[in-house]
Structure formats: C-alpha cells, structure tokens
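> This one is upload18.cif, mmCIF, C-alpha atoms.
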data_data
loop_
_atom_site.label_atom_id
_atom_site.label_comp_id
_atom_site.auth_asym_id
_atom_site.auth_seq_id
_atom_site.Cartn_x
_atom_site.Cartn_y
_atom_site.Cartn_z
CA MET K 1415 -17.01 -1.89 5.52
CA VAL K 1416 -14.72 -4.72 6.60
CA PRO K 1417 -15.05 -5.46 10.34
CA ILE K 1418 -12.14 -4.25 12.50
CA VAL K 1419 -11.17 -5.91 15.79
CA GLY K 1420 -8.33 -4.62 17.93
CA ILE K 1421 -5.83 -6.77 19.80
CA VAL K 1422 -4.75 -4.69 22.77
CA GLY K 1423 -2.75 -5.19 25.93
CA GLY K 1424 0.18 -3.81 27.85
CA ARG K 1425 3.76 -3.93 26.64
CA ASN K 1426 4.94 -7.51 26.25
CA ALA K 1427 1.49 -8.84 27.08
CA GLY K 1428 1.74 -11.02 23.98
CA LYS K 1429 -0.35 -9.19 21.37
CA THR K 1430 1.73 -10.32 18.39
CA THR K 1431 1.91 -13.86 19.76
CA LEU K 1432 -1.89 -13.98 19.97
CA LEU K 1433 -2.15 -12.64 16.41
CA GLU K 1434 0.19 -15.43 15.32
CA LYS K 1435 -2.41 -17.88 16.63
CA LEU K 1436 -5.56 -16.13 15.39
CA ILE K 1437 -4.39 -15.47 11.82
CA PRO K 1438 -3.65 -19.11 10.87
CA GLU K 1439 -6.91 -20.22 12.47
CA LEU K 1440 -8.84 -17.64 10.41
CA LYS K 1441 -6.94 -18.64 7.25
CA ARG K 1442 -7.67 -22.32 7.94
CA ARG K 1443 -11.36 -21.44 7.92
CA GLY K 1444 -11.03 -19.74 4.56
CA TYR K 1445 -11.02 -16.04 5.45
CA ARG K 1446 -8.85 -13.29 4.07
CA VAL K 1447 -7.14 -11.42 6.89
CA GLY K 1448 -5.60 -7.97 7.03
CA THR K 1449 -3.64 -6.53 9.93
CA ILE K 1450 -2.74 -2.98 10.92
CA LYS K 1451 0.10 -2.41 13.32
CA HIS K 1452 0.36 0.98 14.96
CA ASP K 1453 3.97 1.91 15.40
CA VAL K 1454 4.30 5.12 17.35
CA HIS K 1455 8.08 5.02 17.16
CA GLY K 1456 8.27 4.98 13.39
CA VAL K 1457 8.15 2.30 10.75
CA ASP K 1458 11.17 0.08 10.51
CA ILE K 1459 10.73 -1.64 7.19
CA ASP K 1460 12.81 -1.90 4.07
CA HIS K 1461 16.53 -2.66 3.97
CA GLU K 1462 19.30 -0.12 3.73
CA GLY K 1463 20.90 -0.22 0.31
CA LYS K 1464 18.02 -1.96 -1.48
CA ASP K 1465 16.65 -0.12 -4.52
CA SER K 1466 13.33 0.61 -2.79
CA TRP K 1467 15.18 2.07 0.17
CA ARG K 1468 17.27 4.21 -2.18
CA HIS K 1469 14.08 5.53 -3.87
CA THR K 1470 12.68 6.54 -0.47
CA GLN K 1471 15.97 8.13 0.59
CA ALA K 1472 16.04 10.12 -2.64
CA GLY K 1473 12.70 11.63 -1.64
CA ALA K 1474 10.01 9.56 -3.38
CA ASP K 1475 6.64 10.13 -1.72
CA THR K 1476 5.47 6.58 -2.37
CA VAL K 1477 7.60 3.60 -3.35
CA LEU K 1478 6.06 0.36 -4.57
CA VAL K 1479 7.87 -2.90 -5.09
CA SER K 1480 6.03 -5.47 -7.16
CA GLY K 1481 7.20 -9.06 -7.05
CA PRO K 1482 5.74 -12.40 -8.15
CA THR K 1483 3.78 -12.98 -4.94
CA THR K 1484 4.09 -9.74 -2.98
CA THR K 1485 3.34 -6.07 -3.43
CA ALA K 1486 5.07 -3.78 -0.94
CA MET K 1487 4.61 -0.08 -0.41
CA VAL K 1488 6.42 2.56 1.60
CA GLN K 1489 4.60 5.85 1.67
CA GLN K 1490 5.56 9.12 3.36
CA VAL K 1491 2.63 10.73 5.14
CA ALA K 1492 2.16 14.14 6.74
CA ALA K 1493 0.15 12.58 9.55
CA PRO K 1494 -0.84 8.98 10.29
CA PRO K 1495 -4.09 8.18 8.48
CA SER K 1496 -7.03 7.05 10.58
CA LEU K 1497 -7.85 3.36 10.87
CA GLU K 1498 -10.91 3.93 8.68
CA ARG K 1499 -8.79 5.54 5.99
CA LEU K 1500 -6.25 2.73 6.03
CA ALA K 1501 -8.98 0.08 6.00
CA GLN K 1502 -10.82 1.72 3.15
CA ARG K 1503 -7.80 2.38 1.00
CA TYR K 1504 -5.71 -0.75 1.49
CA LEU K 1505 -7.86 -3.43 3.08
CA ASN K 1506 -11.12 -3.52 1.16
CA ASP K 1507 -10.42 -7.03 -0.12
CA VAL K 1508 -10.18 -8.89 3.20
CA ASP K 1509 -12.89 -10.39 5.42
CA LEU K 1510 -11.54 -9.19 8.76
CA ILE K 1511 -9.00 -6.62 9.94
CA LEU K 1512 -7.09 -7.21 13.15
CA THR K 1513 -5.25 -4.24 14.58
CA GLU K 1514 -2.38 -4.22 17.00
CA GLY K 1515 -1.72 -1.25 19.24
CA TYR K 1516 -4.70 1.05 18.70
CA LYS K 1517 -5.87 0.83 22.27
CA THR K 1518 -8.11 3.90 22.23
CA SER K 1519 -9.91 3.07 18.97
CA PRO K 1520 -13.69 2.74 19.11
CA TYR K 1521 -13.59 -0.78 17.62
CA PRO K 1522 -14.30 -3.97 19.53
CA LYS K 1523 -11.22 -5.34 21.24
CA ILE K 1524 -9.67 -8.49 22.52
CA GLU K 1525 -7.40 -7.65 25.42
CA VAL K 1526 -4.41 -9.84 26.10
CA PHE K 1527 -3.70 -10.18 29.80
CA ARG K 1528 -0.85 -12.00 31.46
CA ARG K 1529 -0.05 -12.18 35.13
CA GLY K 1530 3.14 -10.28 35.78
CA ALA K 1531 2.99 -8.38 32.46
CA SER K 1532 -0.13 -6.37 33.34
CA GLU K 1533 -1.65 -5.07 36.55
CA ARG K 1534 -5.20 -4.69 35.35
CA LEU K 1535 -7.23 -4.51 32.14
CA LEU K 1536 -6.67 -1.29 30.21
CA SER K 1537 -9.63 -1.36 27.82
CA ASP K 1538 -12.77 0.65 28.13
CA PRO K 1539 -15.26 -2.13 29.07
CA SER K 1540 -17.77 -0.78 26.52
CA THR K 1541 -15.53 -1.78 23.60
CA LEU K 1542 -14.22 -5.00 25.16
CA LEU K 1543 -15.26 -8.05 23.16
CA ALA K 1544 -13.22 -10.65 25.03
CA VAL K 1545 -10.20 -11.16 27.22
CA ALA K 1546 -7.44 -13.63 26.35
CA SER K 1547 -5.64 -14.41 29.56
CA ASP K 1548 -3.35 -16.88 31.28
CA THR K 1549 -5.49 -16.53 34.38
CA GLU K 1550 -9.23 -16.68 35.04
CA LEU K 1551 -10.66 -13.16 35.23
CA GLU K 1552 -14.09 -11.85 36.17
CA VAL K 1553 -14.96 -9.04 33.72
CA GLY K 1554 -18.71 -8.60 33.96
CA ASN K 1555 -20.32 -10.06 30.86
CA VAL K 1556 -17.12 -10.13 28.83
CA PRO K 1557 -16.04 -13.67 28.02
CA CYS K 1558 -12.57 -14.74 29.13
CA TYR K 1559 -10.60 -17.18 26.96
CA ASP K 1560 -7.38 -19.02 27.56
CA LEU K 1561 -4.46 -17.24 25.86
CA ASN K 1562 -3.92 -20.26 23.63
CA ASP K 1563 -7.55 -20.86 22.71
CA ALA K 1564 -7.35 -19.54 19.14
CA ALA K 1565 -10.23 -21.79 18.05
CA GLY K 1566 -12.51 -20.40 20.77
CA LEU K 1567 -11.61 -16.79 19.98
CA VAL K 1568 -12.08 -17.33 16.24
CA ASP K 1569 -15.46 -18.99 16.93
CA LEU K 1570 -16.41 -15.75 18.66
CA LEU K 1571 -15.06 -13.56 15.82
CA GLU K 1572 -16.87 -15.71 13.31
CA LYS K 1573 -20.16 -15.56 15.18
CA ARG K 1574 -19.96 -11.82 15.73
CA PHE K 1575 -18.39 -10.53 12.50
CA LEU K 1576 -18.14 -13.17 9.83
CA ALA K 1577 -21.44 -15.04 9.96
CA GLY K 1578 -22.59 -15.81 6.48
CA ASP K 1579 -19.31 -14.87 4.84
CA ARG K 1580 -17.95 -18.37 5.11
CA ALA K 1581 -17.97 -20.23 1.83
CA ALA K 1582 -19.40 -17.14 0.18
CA VAL K 1583 -18.43 -15.93 -3.27
CA HIS K 1584 -16.11 -12.97 -3.34
CA LEU K 1585 -15.69 -11.02 -6.52
CA LEU K 1586 -12.81 -8.61 -6.87
CA ILE K 1587 -12.72 -6.44 -9.94
CA ASP K 1588 -9.51 -4.50 -10.32
CA GLU K 1589 -8.75 -5.50 -6.75
CA ARG K 1590 -11.92 -3.95 -5.37
CA ARG K 1591 -14.55 -6.11 -3.84
CA VAL K 1592 -17.90 -6.04 -5.60
CA GLU K 1593 -20.80 -6.95 -3.34
CA LEU K 1594 -22.97 -9.78 -4.65
CA THR K 1595 -26.47 -10.71 -3.60
CA PRO K 1596 -26.95 -14.27 -2.31
CA PHE K 1597 -28.75 -15.06 -5.57
CA VAL K 1598 -25.86 -13.89 -7.75
CA GLN K 1599 -23.43 -15.71 -5.46
CA ARG K 1600 -25.35 -18.93 -6.02
CA VAL K 1601 -25.48 -18.44 -9.79
CA MET K 1602 -21.74 -17.78 -9.97
CA ALA K 1603 -20.84 -20.64 -7.65
CA ASN K 1604 -23.04 -23.16 -9.45
CA THR K 1605 -21.83 -22.07 -12.87
CA LEU K 1606 -18.16 -22.38 -11.89
CA ARG K 1607 -18.72 -25.66 -10.09
CA GLY K 1608 -20.40 -27.03 -13.22
CA LEU K 1609 -17.47 -25.84 -15.33
CA VAL K 1610 -14.66 -27.20 -13.21
CA GLN K 1611 -16.38 -30.50 -12.57
CA SER K 1612 -16.29 -31.12 -16.31
CA LEU K 1613 -12.48 -30.95 -16.09
CA GLN K 1614 -10.63 -34.20 -15.84
CA GLY K 1615 -9.50 -35.07 -12.34
CA VAL K 1616 -11.60 -32.50 -10.55
CA ASP K 1617 -14.14 -33.85 -8.16
CA GLU K 1618 -15.82 -31.60 -5.61
CA PRO K 1619 -13.64 -28.52 -5.05
CA GLU K 1620 -13.71 -27.10 -1.54
CA ARG K 1621 -12.28 -23.74 -2.45
CA LEU K 1622 -12.12 -22.20 -5.88
CA GLU K 1623 -10.25 -19.16 -7.01
CA VAL K 1624 -10.40 -17.71 -10.48
CA ILE K 1625 -7.91 -14.97 -11.22
CA ILE K 1626 -7.91 -13.35 -14.60
CA HIS K 1627 -5.11 -10.90 -14.92
CA ARG K 1628 -4.97 -10.72 -18.65
CA TRP K 1629 -7.86 -11.49 -20.94
CA PRO K 1630 -7.09 -14.40 -23.22
CA MET T 1461 -4.31 9.25 -14.79
CA VAL T 1462 -0.89 10.11 -13.39
CA PRO T 1463 1.83 10.02 -16.09
CA ILE T 1464 4.18 7.02 -15.97
CA VAL T 1465 7.76 7.10 -17.26
CA GLY T 1466 10.01 4.06 -17.19
CA ILE T 1467 13.69 4.08 -16.35
CA VAL T 1468 15.16 1.13 -18.22
CA GLY T 1469 18.57 -0.25 -19.01
CA GLY T 1470 20.65 -3.37 -18.75
CA ARG T 1471 21.81 -4.88 -15.49
CA ASN T 1472 24.05 -2.48 -13.59
CA ALA T 1473 23.51 0.24 -16.17
CA GLY T 1474 22.71 2.60 -13.30
CA LYS T 1475 18.91 2.81 -13.25
CA THR T 1476 18.61 3.31 -9.50
CA THR T 1477 21.48 5.81 -9.53
CA LEU T 1478 19.67 7.85 -12.18
CA LEU T 1479 16.47 7.71 -10.13
CA GLU T 1480 18.44 9.01 -7.17
CA LYS T 1481 19.24 12.08 -9.26
CA LEU T 1482 15.82 12.59 -10.87
CA ILE T 1483 13.72 12.25 -7.71
CA PRO T 1484 15.38 15.05 -5.70
CA GLU T 1485 15.32 17.33 -8.75
CA LEU T 1486 11.57 16.70 -9.17
CA LYS T 1487 10.98 17.24 -5.45
CA ARG T 1488 13.00 20.47 -5.55
CA ARG T 1489 10.57 21.70 -8.21
CA GLY T 1490 7.60 20.89 -5.99
CA TYR T 1491 6.26 17.67 -7.50
CA ARG T 1492 5.02 14.59 -5.70
CA VAL T 1493 6.83 11.52 -7.00
CA GLY T 1494 5.92 7.84 -6.86
CA THR T 1495 8.13 4.97 -7.96
CA ILE T 1496 7.40 1.37 -8.87
CA LYS T 1497 10.22 -1.14 -8.83
CA HIS T 1498 9.64 -4.43 -10.59
CA ASP T 1499 11.36 -7.19 -8.72
CA VAL T 1500 11.12 -10.44 -10.63
CA HIS T 1501 13.04 -12.32 -7.96
CA GLY T 1502 10.65 -11.50 -5.16
CA VAL T 1503 10.24 -8.67 -2.74
CA ASP T 1504 12.84 -8.39 -0.04
CA ILE T 1505 11.32 -5.99 2.40
CA ASP T 1506 10.47 -6.16 6.08
CA HIS T 1507 12.76 -7.49 8.80
CA GLU T 1508 12.70 -10.97 10.24
CA GLY T 1509 11.33 -10.95 13.75
CA LYS T 1510 9.54 -7.59 13.51
CA ASP T 1511 5.81 -7.65 14.34
CA SER T 1512 4.83 -6.90 10.74
CA TRP T 1513 7.02 -9.76 9.52
CA ARG T 1514 5.42 -12.05 12.09
CA HIS T 1515 1.92 -11.07 10.86
CA THR T 1516 2.89 -11.94 7.30
CA GLN T 1517 4.51 -15.21 8.36
CA ALA T 1518 1.35 -16.13 10.26
CA GLY T 1519 -0.55 -15.84 6.97
CA ALA T 1520 -2.03 -12.33 6.89
CA ASP T 1521 -3.00 -11.38 3.32
CA THR T 1522 -2.16 -7.72 3.83
CA VAL T 1523 -0.13 -6.18 6.62
CA LEU T 1524 -0.04 -2.44 7.21
CA VAL T 1525 2.28 -0.61 9.53
CA SER T 1526 1.30 2.93 10.37
CA GLY T 1527 3.89 5.23 11.89
CA PRO T 1528 4.15 8.98 12.46
CA THR T 1529 5.56 9.74 9.02
CA THR T 1530 5.32 6.49 7.09
CA THR T 1531 2.68 3.98 6.06
CA ALA T 1532 4.03 0.64 4.92
CA MET T 1533 2.20 -2.28 3.39
CA VAL T 1534 3.11 -5.85 2.57
CA GLN T 1535 0.45 -7.61 0.55
CA GLN T 1536 0.34 -11.16 -0.77
CA VAL T 1537 -0.86 -11.34 -4.37
CA ALA T 1538 -1.85 -14.24 -6.60
CA ALA T 1539 -0.20 -12.56 -9.57
CA PRO T 1540 1.69 -9.27 -9.94
CA PRO T 1541 -0.81 -6.48 -10.61
CA SER T 1542 -0.38 -4.49 -13.80
CA LEU T 1543 1.33 -1.11 -13.72
CA GLU T 1544 -2.06 0.53 -14.32
CA ARG T 1545 -3.57 -1.29 -11.38
CA LEU T 1546 -0.71 -0.32 -9.07
CA ALA T 1547 -0.78 3.28 -10.24
CA GLN T 1548 -4.53 3.55 -9.83
CA ARG T 1549 -4.70 1.93 -6.43
CA TYR T 1550 -1.62 3.27 -4.69
CA LEU T 1551 -0.29 6.24 -6.63
CA ASN T 1552 -3.25 8.46 -7.40
CA ASP T 1553 -1.88 11.26 -5.23
CA VAL T 1554 1.44 11.89 -6.99
CA ASP T 1555 2.29 14.04 -10.02
CA LEU T 1556 4.58 11.58 -11.77
CA ILE T 1557 5.35 7.87 -11.51
CA LEU T 1558 8.83 6.62 -12.37
CA THR T 1559 9.19 2.89 -12.86
CA GLU T 1560 12.31 0.80 -12.67
CA GLY T 1561 12.57 -2.48 -14.50
CA TYR T 1562 9.43 -2.67 -16.63
CA LYS T 1563 11.31 -2.70 -19.90
CA THR T 1564 8.47 -4.02 -22.06
CA SER T 1565 5.80 -1.64 -20.76
CA PRO T 1566 4.08 0.61 -23.30
CA TYR T 1567 4.99 3.77 -21.36
CA PRO T 1568 7.59 6.32 -22.46
CA LYS T 1569 11.06 5.41 -21.30
CA ILE T 1570 14.40 6.89 -20.43
CA GLU T 1571 17.09 4.35 -21.19
CA VAL T 1572 20.27 4.39 -19.16
CA PHE T 1573 23.30 3.47 -21.24
CA ARG T 1574 26.87 3.07 -20.10
CA ARG T 1575 29.82 1.93 -22.14
CA GLY T 1576 30.91 -1.44 -20.94
CA ALA T 1577 27.65 -2.17 -19.10
CA SER T 1578 25.53 -2.36 -22.27
CA GLU T 1579 26.19 -3.36 -25.87
CA ARG T 1580 23.29 -1.51 -27.46
CA LEU T 1581 19.99 0.14 -26.56
CA LEU T 1582 17.31 -2.35 -25.59
CA SER T 1583 14.20 -0.18 -25.84
CA ASP T 1584 11.69 -0.25 -28.61
CA PRO T 1585 12.45 3.15 -30.28
CA SER T 1586 8.73 3.93 -30.47
CA THR T 1587 8.50 4.24 -26.68
CA LEU T 1588 11.92 5.83 -26.16
CA LEU T 1589 11.64 9.33 -24.73
CA ALA T 1590 15.33 9.96 -24.08
CA VAL T 1591 18.66 8.29 -23.52
CA ALA T 1592 20.83 9.04 -20.48
CA SER T 1593 24.32 7.99 -21.38
CA ASP T 1594 27.98 8.42 -20.51
CA THR T 1595 28.75 8.55 -24.21
CA GLU T 1596 27.31 10.52 -27.14
CA LEU T 1597 24.81 8.33 -29.03
CA GLU T 1598 22.94 8.86 -32.30
CA VAL T 1599 19.39 7.59 -31.80
CA GLY T 1600 17.32 9.16 -34.55
CA ASN T 1601 15.16 11.90 -33.07
CA VAL T 1602 15.55 10.74 -29.52
CA PRO T 1603 17.43 13.25 -27.36
CA CYS T 1604 20.56 12.03 -25.60
CA TYR T 1605 21.44 13.48 -22.18
CA ASP T 1606 24.49 13.15 -20.04
CA LEU T 1607 23.97 10.55 -17.31
CA ASN T 1608 24.37 13.24 -14.66
CA ASP T 1609 22.15 15.84 -16.30
CA ALA T 1610 19.18 15.48 -13.94
CA ALA T 1611 18.11 19.08 -14.55
CA GLY T 1612 18.00 18.53 -18.33
CA LEU T 1613 16.04 15.30 -18.00
CA VAL T 1614 13.59 16.84 -15.54
CA ASP T 1615 13.14 19.82 -17.90
CA LEU T 1616 12.09 17.27 -20.51
CA LEU T 1617 9.76 15.41 -18.11
CA GLU T 1618 8.26 18.69 -17.03
CA LYS T 1619 7.68 19.87 -20.57
CA ARG T 1620 6.19 16.57 -21.70
CA PHE T 1621 4.18 15.44 -18.69
CA LEU T 1622 3.94 18.08 -16.02
CA ALA T 1623 3.27 21.30 -17.87
CA GLY T 1624 0.69 23.31 -16.01
CA ASP T 1625 0.83 21.15 -12.91
CA ARG T 1626 3.57 23.24 -11.40
CA ALA T 1627 2.38 25.46 -8.63
CA ALA T 1628 -1.10 24.08 -9.11
CA VAL T 1629 -3.49 23.40 -6.30
CA HIS T 1630 -3.93 19.77 -5.38
CA LEU T 1631 -6.83 18.74 -3.25
CA LEU T 1632 -6.80 15.33 -1.63
CA ILE T 1633 -9.91 14.26 0.17
CA ASP T 1634 -9.52 11.08 2.15
CA GLU T 1635 -6.24 10.63 0.29
CA ARG T 1636 -7.84 10.71 -3.13
CA ARG T 1637 -7.10 13.50 -5.49
CA VAL T 1638 -10.06 15.63 -6.44
CA GLU T 1639 -9.65 17.36 -9.79
CA LEU T 1640 -10.13 21.13 -9.65
CA THR T 1641 -10.80 23.49 -12.52
CA PRO T 1642 -8.29 26.33 -12.97
CA PHE T 1643 -10.94 28.70 -11.63
CA VAL T 1644 -11.46 26.73 -8.42
CA GLN T 1645 -7.69 26.38 -8.08
CA ARG T 1646 -7.34 30.15 -8.23
CA VAL T 1647 -10.14 30.73 -5.72
CA MET T 1648 -8.61 28.25 -3.26
CA ALA T 1649 -5.08 29.54 -3.71
CA ASN T 1650 -6.04 33.18 -3.33
CA THR T 1651 -8.23 32.49 -0.31
CA LEU T 1652 -5.48 30.57 1.46
CA ARG T 1653 -2.82 33.08 0.52
CA GLY T 1654 -4.99 35.83 1.96
CA LEU T 1655 -5.45 33.84 5.15
CA VAL T 1656 -1.84 32.95 5.77
CA GLN T 1657 -0.55 36.39 4.88
CA SER T 1658 -2.60 37.74 7.77
CA LEU T 1659 -0.53 35.54 10.07
CA GLN T 1660 2.38 37.12 11.83
CA GLY T 1661 5.73 36.37 10.27
CA VAL T 1662 4.38 34.97 7.02
CA ASP T 1663 5.30 36.84 3.91
CA GLU T 1664 4.84 35.28 0.48
CA PRO T 1665 4.71 31.49 0.86
CA GLU T 1666 6.17 29.51 -2.01
CA ARG T 1667 4.53 26.25 -1.14
CA LEU T 1668 1.55 25.76 1.11
CA GLU T 1669 0.15 22.58 2.51
CA VAL T 1670 -2.98 22.34 4.57
CA ILE T 1671 -3.64 19.00 6.16
CA ILE T 1672 -6.72 18.50 8.23
CA HIS T 1673 -6.75 15.10 9.78
CA ARG T 1674 -9.19 15.77 12.52
CA TRP T 1675 -11.79 18.52 12.42
CA PRO T 1676 -11.25 20.97 15.21
#
What would the structure in this file look like if it were written as structure tokens?


Amino acid sequence: MVPIVGIVGGRNAGKTTLLEKLIPELKRRGYRVGTIKHDVHGVDIDHEGKDSWRHTQAGADTVLVSGPTTTAMVQQVAAPPSLERLAQRYLNDVDLILTEGYKTSPYPKIEVFRRGASERLLSDPSTLLAVASDTELEVGNVPCYDLNDAAGLVDLLEKRFLAGDRAAVHLLIDERRVELTPFVQRVMANTLRGLVQSLQGVDEPERLEVIIHRWP
Amino acid sequence: MVPIVGIVGGRNAGKTTLLEKLIPELKRRGYRVGTIKHDVHGVDIDHEGKDSWRHTQAGADTVLVSGPTTTAMVQQVAAPPSLERLAQRYLNDVDLILTEGYKTSPYPKIEVFRRGASERLLSDPSTLLAVASDTELEVGNVPCYDLNDAAGLVDLLEKRFLAGDRAAVHLLIDERRVELTPFVQRVMANTLRGLVQSLQGVDEPERLEVIIHRWP
C-alpha cells in the first residue's frame, strides 16, 4: 500500500500552495507523487465543447482521453469512492500520495496554519504528523515547520514514509507495480548499469528508466 | 474482456456526433458505456488555475479529483498506453467500449462516411463492422446504416457484442467486476426482487442498483 499523507487546513489556509512546494521537492528527490483532491462541490474538469466533454454529456459512464504524454479520465460514480479505493485503483504506481481536503481521514496529516486564516488547529492531534505555519505554535510533540520549509517537511516525509525507497528499483508490469526483493533490485540495477555503461557516451547514470511498450 | 468497437472516419466526418447518438441509445437500453478518445495532439483537459491543474503543474505524476458524482484523473505517461491497457485498467466495469480515433486498431469498426468530408472508406475491410453514411454505399458484405440510425446500429452492436448481457446482474466489488454464473445471477436477482417488492410503493422494478459504500 502506497503511503497517504493529508494536507489539511481551513479555507484559504494555503493547502494547494503548500502542495506546490512539496511536490517539486519530492520529484527533485526522485519520487513518484500522486495527489487526491476532495471536491465536495463537484468536479470542474474538462472543457465544454471538447469531444471528451461531449462523450460525458451524451451519457458515457467513463471517458478516457489518451494523448502522447497524458491520460485523462472522467468517470461518473454513484458515490465518491473511499481514499483506499482511489489509491488502490489509480495510484498504485507512485511512491507517496498527498491528499487535499480529506480532513477527517485516518491518515497522518500536515496541517497548514496561517494567522488570520485560521483560529486554531482543526486536526485530531492523534493523526497530526506536523504543522506548517507562518507562526510558531506549541502543539505537544508535533513538530512545527515554517510554511515555506518544503525541504524540512519532505525530510520528515522521507524519514517516516519513504525510507529505503530512494534510489530503489521500481518495476511496473502493465502499469502495476511488482514488488522486488532487495536482492532482485540489486541484480536488475547492476545488469542495467552494466548494459548502459557499454553504450557510447553514457557514464554513470543517476536515474534510469526503461519503458517497453511494444516488444521489438 | 469488455468488447471494444472503434468509431472511425476522416476529419470532420462526424465521429463525435455519431457517438452522441449511440451512447444515449445504449444507455437507454441499460448498458454501461465507456469511451476512449485518442488525441494525438495532446490532452486538453483541466482548467488553468484550478487546484488539480496546479498539482499537475507542480509535477504530480497522477492527480485525482473526487467529487460527489464524478472521479477525474490526469496522469502523466511516458508513452500512450495501448487500448488493451486502458480498457483493462480503467474500463473493466462497463459493458461496451467505444473508441474514437484509433483507426489502425485491430478492433471491429464503424466507419462514418459523409459525402464531401471523405473521398473513400479508410478502414481495412477485414475489421469493418458497419458503415454509417449519409449516402448509400456498396461495401461487400458490410452493412450500411443511415448516419442517424442509432437504433439500427445499436441493434447490431447488441447482437454482436452484448447478447445475453442485457438485464444481467453485474456485481462490482471494490469497483472490479466479479463474473457471475447465470445461476448465481438468477439467485441474486430473485432475492433482491423479493426484497424490494416487500417495500411500500415498489412494484416491478426494471432496473435495480444496490450500492454499498459503507457497511451499516
């Protein structure tokens, strides 16, 4: 199961802004990141008049659009799936899932707090992993970070949820992650490193991706 | 595997317009419909400035938005997944998949033909299921329908791909379809019919959906 961490906070506390700092920092460190945004008011995606929009309007239960670098989906549901369901079905190929707006979920949370925007913390302290605030707060044992300290918060996420994953070997078969033992990871990594280092102009690759989407 | 039928045709032949006629007709007959649109130029979905758009811009590999009646996903891919992959991963809970724009796929196709818009049919005759045209065409054994004859085309789709599925019992557990034998389908259907007919005001339901998303 991919770890899930919630970004919570009052309205306009700056949840999306914090995500915009955490995601690039996680990507910089080589992780694959998924996000889930809870939108109680309804999903405003897709453009009126586009073919995908027309398919949905005509009554299609699920519409996919497949482009060169993006796959998009719009699916009608009878009830919003649980976080677990969404994670399992759509996010099994990422290292970490950050959610926005699921403030009563049982997952660990980072609460965004800004003077003026919030009166007090709204999270159940038992699920509070950290606070990201523009003001120093005393919250028992819960660490408090500066709102802009993405590196510090990602250090914490890494230590708590991603230890050992860094620089690991991920194998996706038909877009599903296959778990590999450390031994198999080493064998695969060493084999591929040996192969690519025999190529002209390749020295010591830092990150390697092999994607086979049609067998030659 | 859910059956896949392609809607093909030249530019501006009216593929989306035909889909807008077929989808409601299929829905009217009680089927669940998925569509896949191939967009070689890139996927234009999501709105600049929205939270989901900001997550993607920040570098998230997959962004989900979960609303009361819709789940949306925007996923970055290294290469466009195959139709099979897309169908398997995202469309295993529909009865029929209609594609738009995969003209070289091996799946059966309905080609849309309009005088003026096209010079000649572009499909490989071996995968051509039917032609939907504004003019009478002779295409060997391939049946030719009027462009507006959604009922006729859906009769054909039903006969070829959906026979027996109509009025069947579908069971989705955690959003995955579980195949049921005709016997189990009958037991479930009769049990539920018995139950709901004991409810006040319910007579003979035509379509029944039971969704349990939290156990009471």

> Could you jot down the atom CA of K:Asp1465 to atom CA of T:Glu1480 separation for me, Å, one decimal place?

9.7 Å

> Nearest to chain K: which of T:Asp1594, T:Glu1485, T:Asp1506, T:Glu1618 is it, counting all atoms listed in the file?

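Of the candidates, the smallest distance to chain K is held by T:Asp1506.
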
> Can you list what the PyMOL selection byres ((chain K) within 8 of (chain T)) grabs from this structure, as a VMD selection string?

chain K and resid 1430 1433 to 1435 1437 to 1438 1441 1446 to 1461 1465 to 1466 1468 to 1469 1472 to 1495 1499 1505 1508 1588 1625 1627

> Between atom CA of T:Pro1566 and atom CA of T:Val1629, what is the distance, to one decimal in Å?

29.4 Å

> Spell out the residues picked by the PyMOL selection byres ((chain K and resi 1523) around 12) here, as a PyMOL selection string.

chain K and resi 1417-1423+1429+1511-1522+1524-1526+1535-1546+1556-1557+1567+1570-1571

> Between atom CA of K:Asp1560 and atom CA of T:Glu1508, what distance in Å does the model show, to one decimal?

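Calculated distance between atom CA of K:Asp1560 and atom CA of T:Glu1508 is 27.7 Å.
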
> Would you compute the box with edges along x, y and z of the file around stretch 1415-1423 of chain K, including every atom the file lists for it and 3 Å extra on each side, and give its centre and edge lengths in Å to one decimal, as JSON?


{"center_x": -9.9, "center_y": -4.3, "center_z": 15.7, "size_x": 20.3, "size_y": 10.9, "size_z": 26.4}

> For a quick check of understanding, using all atoms listed in the file, which of T:Leu1607, T:Val1656, T:Leu1622, T:Leu1478 has the smallest distance to T:Thr1595?

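Distance minimum relative to T:Thr1595 lands on T:Leu1607.
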